[in-house]
Amino acid sequence: MIAEIGNFCLVLAFMLSVAQAGVVVAGVRWRGLERYSEGLSLAAALAIAGAFAMLITAFVRSDFSVLNVYQHSHSDKPLLYKITGAWGSHEGSMLLWCLILLVFGAFITLRGSGLSDGLKHKALGVQGFLGAAFTGFTLFSSNPLWRLAEDPNRIWALETAPLQGLSLNPALQDPGLAFHPPMLYLGYVGFSVVFSFAVAALIEGRLDRAWARWIRPWVLIAWSFLTAGITLGAFWAYYELGWGGWWAWDPVENASFMPWLAATALLHSAIVMEKRDALKAWTVFLGLLAFTFSMLGAFLVRSGLLTSVHAFATDPQRGILLLTILLVTAGAGFALFALRAPELKPGGLFAPVSREATLVVNNLLLSAALCSVFLGTLYPILMQAVFNKTMSVGEPYYLAVFGPIMIAALLLIPIAALMAWKRADLKGVLQRLGLAFGVAALAAAVGLLLYRGATWWAEAQYLIGLLVGFWLVFGSLKLLWDRSEGKLRRLKGLPLSTWGMLLAHIGLGVFVLGAVVETHAKEGATQVMAVGDSLTAGRYQLNFTETFAEMGSNYDAQGGVFNITDKGKAVCEARPQWRYYSASRSSQSEVWLCFTPLSDLYVVMAQPQTLTDGRAAWSVRFFYNPWVRLIFFGPLLMALGGLVSLADRRLRLGVPVKAKKPKPSDDSSVDKAEA
């Protein structure tokens with residue numbers, strides 16, 4: 001009965017979403033009907049939560065009569081991976097998408113008390129339409145609660161439930177993957193609320209500072225979770241896949257990066273609109289664009305166009321349905337924008353040298369960077385589809401096109417943060433930042449002295465990267481010094497939104513430093529090794545001392561014990577493994593990381609083989625990854641900055657903003673500076 005109850009809940013969620021959109025449309029003719037969308041949004045969220053709870057129950061109980069459980073679970077799997085198996089497939093991940101989408105719709109009802117009824121109900125109508133589209137797709141095309149006997153493709157159709165399932169892909173049986181998809185989807189789907197409010201505002205013809213103030217928390221929520229989700233995915237690829245890297249410009253990686261770029265531009269644009277009632281067209285356009293790229297990511301991952309470890313499905317029929325949803329939804333939103341754009345008044349005026357102007361330039365640069373990633377991701381797919389020509393776009397393209405654009409955008413950040421609203425003194429700002437730039441340049445020069453590149457161009461790239469990273473960090477610290485005037489008591493009075501901005505910008509600088517150093521100064525070697533052999537990477541030596549065997553809950557493992565030394569001095573002991581999962585008849589390497597404060601020693605063993613002299617051997621990869629920790633710490637600091645900004649009472653959902661009387665003490669200058 002578990003699957004049947006879940007299916008009933010899924011059908012109910014679909015019908016309630018249709019009704020939610022329907023009553024808002026009908027409310028145009030019959031006044032008052034649209035208010036029922038609020039109750040329907042709550043009921044739809046409860047229904048989809050019931051469906052998802054039934055899917056989790058089926059996985060936990062190993063109910064192999066359910067097709068999705070049979071394909072992606074096994075009775076010997078640890079409980080954590082039984083639960084995460086619920087969203088480890090295309091079907092289960094779509095149900096998770098629907099759950100987050102409808103729950104966010106319910107939050108519009110619960111936290112929208114400060115909104116006008118017209119705007120709230122129209123937003124709920126758009127959210128209901130999105131809910132109906134995605135729950136309908138899940139229900140009729142990708143139902144994770146189908147029984148084996150109901151398999152629409154008749155591949156797995158069985159009248160009786162098997163005793164065991166096929167298990168989950170071993171690469172997905174990892175704690176990082178337990179949290180990566182939910183966080184990523186909280187980001188992706190969070191932009192649906194911004195999309196709904198953008199469409200609602202265009203229909204209402206009302207775009208003002210209050211609207212920008214209301215969407216900004218949603219942008220922060222989605223941006224923060226998307227940042228954390230991408231970071232977890234990069235870390236998972238780094239330590240689980242065994243290739244030693246964290247980012248490969250894979251098309252599926254780009255599919256999550258594109259909405260992040262659009263959302264970053266949206267966040268800055270919304271700030272300008274809230275503060276100065278300017279950039280209305282920019283803000284609405286980016287609000288539509290962020291969720292459009294989120295849907296594009298869902299389409300790419302599930303259409304069968306891409307072959308990747310990240311891809312969920314290879315069914316072109318499902319891809320066509322998702323493409324239809326994307327074209328109808330995004331097409332309607334942008335068509336409405338095109339009709340309303342001439343009516344959008346420019347709002348507050350500002351000088352060419354001002355914070356508003358620098359944020360406009362920032363938006364242009366981020367949009368150009370987004371276009372470069374979009375072109376690099378979609379161009380090979382279009383060439384294959386139109387001309388049947390296979391090609392790939394890799395790191396050299398992104399370094400040559402995306403890199404310079406982003407360097408310009410990053411260099412602008414500390415300058416923009418110190419600019420005054422409406423009109424600013426560029427010369428004065430540059431003078432105030434002179435010391436920060438000097439310290440950044442000195443730190444970059446010292447870093448270059450410790451690095452020996454293969455070519456002068458590699459050394460130039462390394463120097464520029466270090467300069468940009470240190471500039472972001474020291475430039476942000478200069479802003480903190482100016483806002484507090486070097487006094488501790490003023491630090492305590494800074495708004496949380498200011499602290500959030502500083503954390504995000506410093507985190508971005510930390511990430512840049514880690515990426516530059518790890519990419520350029522990384523050292524490694526690969527060798528077929530038997531017990532007694534040694535391998536060197538930089539100043540570290542890897543000594544193969546012995547082998548061992550291990551039995552896990554659902555795998556058998558062979559591993560090696562390696563002693564790592566630095567000029568004869570013991571550093572750590574590594575114990576990488578090669579695991580065989582009998583349930584899925586697949587193998588997976590298990591990476592071993594030896595941690596230092598900022599760097600990693602990375603050891604991975606490939607499939608065992610036999611040497612000509614009869615000895616057992618493994619292909620072993622050994623890397624020294626300097627400052628790699630900063631790559632993952634920086635974005636988490638950025639996500640934390642977004643959540644800290646969200647904690648500011650002025651940005652809290654549904655909390656009215658009350659004007660505060662300035663205090664007679666000189667601490668009021670802090671608030672004046674922020675305003």
# chains A, B, ... in the order shown; residues from 1 in each chain; ligands from 1
>>> closest_atom_pairs(of="segment 34-139 of chain A", to="segment 288-297 of chain A", cutoff="12 Å", atoms="only C-alpha atoms", output="CSV")
residue,atom,partner,partner_atom,distance
A:Met94,CA,A:Met295,CA,11.7
A:Trp97,CA,A:Met295,CA,10.8
A:Leu101,CA,A:Phe291,CA,11.8
A:Leu130,CA,A:Met295,CA,10.9
A:Ala133,CA,A:Met295,CA,11.8
A:Phe134,CA,A:Met295,CA,10.5
>>> select_by_dssp(residues="segment 462-603 of chain A", states="strand (DSSP E)", output="JSON, numbers by chain")
{"A": [523, 524, 525, 526, 527, 528, 529, 534, 535, 536, 537, 540, 541, 542, 543, 544, 545, 546, 547, 548, 549, 550, 551, 556, 557, 558, 559, 560, 561, 562, 563, 564, 565, 566, 569, 570, 571, 572, 573, 574, 577, 578, 579, 580, 581, 586, 587, 588, 589, 590, 592, 593, 594, 595, 600, 601, 602, 603]}
>>> residues_around(residues="segment 363-380 of chain A", least_positions_apart="5", cutoff="7 Å", atoms="only C-alpha atoms", output="number ranges by chain")
A: 251, 254, 258, 261, 265, 390-393, 401-402, 405-406, 409
>>> write_last_selection(atoms="N, CA and C atoms", output="short mmCIF file (atom, residue, chain, number, x, y, z; two decimals), in the first residue's frame")
data_model
loop_
_atom_site.label_atom_id
_atom_site.label_comp_id
_atom_site.auth_asym_id
_atom_site.auth_seq_id
_atom_site.Cartn_x
_atom_site.Cartn_y
_atom_site.Cartn_z
N PRO A 251 29.82 19.84 -18.91
CA PRO A 251 28.57 20.54 -19.23
C PRO A 251 27.55 20.51 -18.09
N ASN A 254 28.64 23.02 -15.60
CA ASN A 254 28.28 24.35 -16.13
C ASN A 254 26.79 24.63 -15.97
N MET A 258 25.79 28.28 -14.44
CA MET A 258 25.11 29.35 -15.17
C MET A 258 24.03 30.04 -14.35
N LEU A 261 25.74 32.37 -11.83
CA LEU A 261 26.18 33.65 -12.38
C LEU A 261 25.01 34.61 -12.55
N ALA A 265 24.41 38.27 -10.39
CA ALA A 265 24.05 39.56 -11.00
C ALA A 265 22.71 40.04 -10.48
N THR A 390 31.33 15.90 -34.02
CA THR A 390 31.69 15.75 -32.62
C THR A 390 32.86 16.67 -32.29
N MET A 391 32.70 17.44 -31.24
CA MET A 391 33.76 18.32 -30.79
C MET A 391 33.61 18.55 -29.29
N SER A 392 34.65 19.03 -28.68
CA SER A 392 34.60 19.31 -27.24
C SER A 392 35.18 20.70 -26.98
N VAL A 393 34.65 21.35 -25.96
CA VAL A 393 35.13 22.66 -25.53
C VAL A 393 35.62 22.48 -24.10
N VAL A 401 38.47 32.90 -22.62
CA VAL A 401 37.28 33.75 -22.80
C VAL A 401 36.67 34.13 -21.46
N PHE A 402 36.36 33.15 -20.64
CA PHE A 402 35.71 33.42 -19.35
C PHE A 402 36.67 34.10 -18.38
N ILE A 405 37.17 38.06 -18.50
CA ILE A 405 35.94 38.76 -18.10
C ILE A 405 35.78 38.73 -16.59
N MET A 406 36.01 37.57 -16.00
CA MET A 406 35.84 37.46 -14.55
C MET A 406 36.92 38.22 -13.79
N ALA A 409 35.70 41.65 -13.54
CA ALA A 409 34.61 41.76 -12.58
C ALA A 409 35.12 41.69 -11.15
#
>>> residues_around(residues="segment 175-177 of chain A", least_positions_apart="3", cutoff="10 Å", atoms="only C-alpha atoms", output="MDAnalysis selection string")
chainID A and resid 80:81 84:85 87:88 171:172 180:182 229 232:237 239:240
>>> write_last_selection(atoms="C-alpha atoms", output="PDB file, in the first residue's frame")
ATOM      1  CA  LEU A  80      21.927   6.542   4.926  1.00  0.00           C
ATOM      2  CA  TYR A  81      22.315   5.366   1.329  1.00  0.00           C
ATOM      3  CA  THR A  84      19.640   9.068  -0.322  1.00  0.00           C
ATOM      4  CA  GLY A  85      18.824   6.498  -2.979  1.00  0.00           C
ATOM      5  CA  TRP A  87      16.886  11.066  -4.924  1.00  0.00           C
ATOM      6  CA  GLY A  88      19.781   9.188  -6.531  1.00  0.00           C
ATOM      7  CA  ALA A 171      29.958   6.632  -6.887  1.00  0.00           C
ATOM      8  CA  LEU A 172      26.729   7.969  -5.372  1.00  0.00           C
ATOM      9  CA  HIS A 180      24.573  17.781  -2.551  1.00  0.00           C
ATOM     10  CA  PRO A 181      21.284  17.280  -4.517  1.00  0.00           C
ATOM     11  CA  PRO A 182      18.949  18.734  -1.832  1.00  0.00           C
ATOM     12  CA  GLY A 229      25.448  22.745  -3.336  1.00  0.00           C
ATOM     13  CA  LEU A 232      29.683  19.994  -2.172  1.00  0.00           C
ATOM     14  CA  GLY A 233      29.519  18.672  -5.720  1.00  0.00           C
ATOM     15  CA  ALA A 234      33.040  19.903  -6.446  1.00  0.00           C
ATOM     16  CA  PHE A 235      34.326  18.333  -3.233  1.00  0.00           C
ATOM     17  CA  TRP A 236      32.571  15.048  -4.050  1.00  0.00           C
ATOM     18  CA  ALA A 237      34.169  14.989  -7.507  1.00  0.00           C
ATOM     19  CA  TYR A 239      37.645  12.968  -3.323  1.00  0.00           C
ATOM     20  CA  GLU A 240      35.251  10.376  -4.754  1.00  0.00           C
TER      21      GLU A 240
END
>>> residues_around(residues="Trp146 of chain A", least_positions_apart="3", cutoff="8 Å", atoms="only C-alpha atoms", output="number ranges by chain")
A: 3, 66-68, 143, 150-151
>>> write_last_selection(atoms="C-alpha atoms", output="PDB file, in the first residue's frame")
ATOM      1  CA  ALA A   3       3.307   2.962  -3.375  1.00  0.00           C
ATOM      2  CA  VAL A  66       8.579  -0.555  -6.444  1.00  0.00           C
ATOM      3  CA  LEU A  67      10.493  -0.116  -9.703  1.00  0.00           C
ATOM      4  CA  ASN A  68      12.644   2.781  -8.487  1.00  0.00           C
ATOM      5  CA  ASN A 143       6.893   8.411 -11.513  1.00  0.00           C
ATOM      6  CA  GLU A 150       3.605  -1.150 -14.094  1.00  0.00           C
ATOM      7  CA  ASP A 151       6.934  -0.409 -15.814  1.00  0.00           C
TER       8      ASP A 151
END
>>> atom_distance(atom1="atom CA of Thr547 of chain A", atom2="atom CA of Val561 of chain A")
5.9 Å
>>> atom_distance(atom1="atom CA of Thr227 of chain A", atom2="atom CA of Phe107 of chain A")
21.6 Å
>>> closest_residue(among="A:Phe14, A:Trp481, A:Tyr36, A:Phe64", to="Leu99 of chain A", atoms="only C-alpha atoms")
A:Phe14
>>> select_by_dssp(residues="segment 202-289 of chain A", states="helix (DSSP H, G or I)", output="NGL selection string")
:A and (202-204 or 209-240 or 251-276 or 280-289)
>>> closest_residue(among="A:Leu480, A:Val473, A:Ala341, A:Ala400", to="Gln461 of chain A", atoms="only C-alpha atoms")
A:Ala400
>>> closest_residue(among="A:Glu4, A:Asp208, A:Asp250, A:Asp117", to="Gly27 of chain A", atoms="only C-alpha atoms")
A:Asp117
>>> residues_around(residues="Gly187 of chain A", least_positions_apart="5", cutoff="10 Å", atoms="only C-alpha atoms", output="ChimeraX atom specification")
/A:100,181-182,192,218-230,256,259-260,263,291,294
>>> decode(residues="segment 49-75 of chain A", atoms="C-alpha atoms", output="mmCIF file, in the first residue's frame")
data_model
loop_
_atom_site.group_PDB
_atom_site.id
_atom_site.type_symbol
_atom_site.label_atom_id
_atom_site.label_comp_id
_atom_site.auth_asym_id
_atom_site.auth_seq_id
_atom_site.Cartn_x
_atom_site.Cartn_y
_atom_site.Cartn_z
ATOM 1 C CA ALA A 49 5.309 15.824 1.225
ATOM 2 C CA GLY A 50 3.163 12.726 1.698
ATOM 3 C CA ALA A 51 4.278 11.313 -1.659
ATOM 4 C CA PHE A 52 7.933 11.929 -0.842
ATOM 5 C CA ALA A 53 7.520 10.370 2.614
ATOM 6 C CA MET A 54 6.080 7.233 1.000
ATOM 7 C CA LEU A 55 9.042 7.009 -1.388
ATOM 8 C CA ILE A 56 11.502 7.291 1.514
ATOM 9 C CA THR A 57 9.539 4.605 3.381
ATOM 10 C CA ALA A 58 9.711 2.272 0.383
ATOM 11 C CA PHE A 59 13.498 2.703 0.212
ATOM 12 C CA VAL A 60 14.025 2.231 3.944
ATOM 13 C CA ARG A 61 11.890 -0.918 3.950
ATOM 14 C CA SER A 62 13.581 -2.222 0.755
ATOM 15 C CA ASP A 63 10.248 -2.657 -1.021
ATOM 16 C CA PHE A 64 11.582 -4.095 -4.282
ATOM 17 C CA SER A 65 8.106 -4.286 -5.769
ATOM 18 C CA VAL A 66 8.579 -0.555 -6.444
ATOM 19 C CA LEU A 67 10.493 -0.116 -9.703
ATOM 20 C CA ASN A 68 12.644 2.781 -8.487
ATOM 21 C CA VAL A 69 13.615 0.959 -5.285
ATOM 22 C CA TYR A 70 14.500 -2.176 -7.241
ATOM 23 C CA GLN A 71 16.720 -0.228 -9.650
ATOM 24 C CA HIS A 72 18.535 1.903 -7.058
ATOM 25 C CA SER A 73 18.624 0.070 -3.745
ATOM 26 C CA HIS A 74 19.730 -3.140 -2.064
ATOM 27 C CA SER A 75 18.906 -4.634 1.309
#
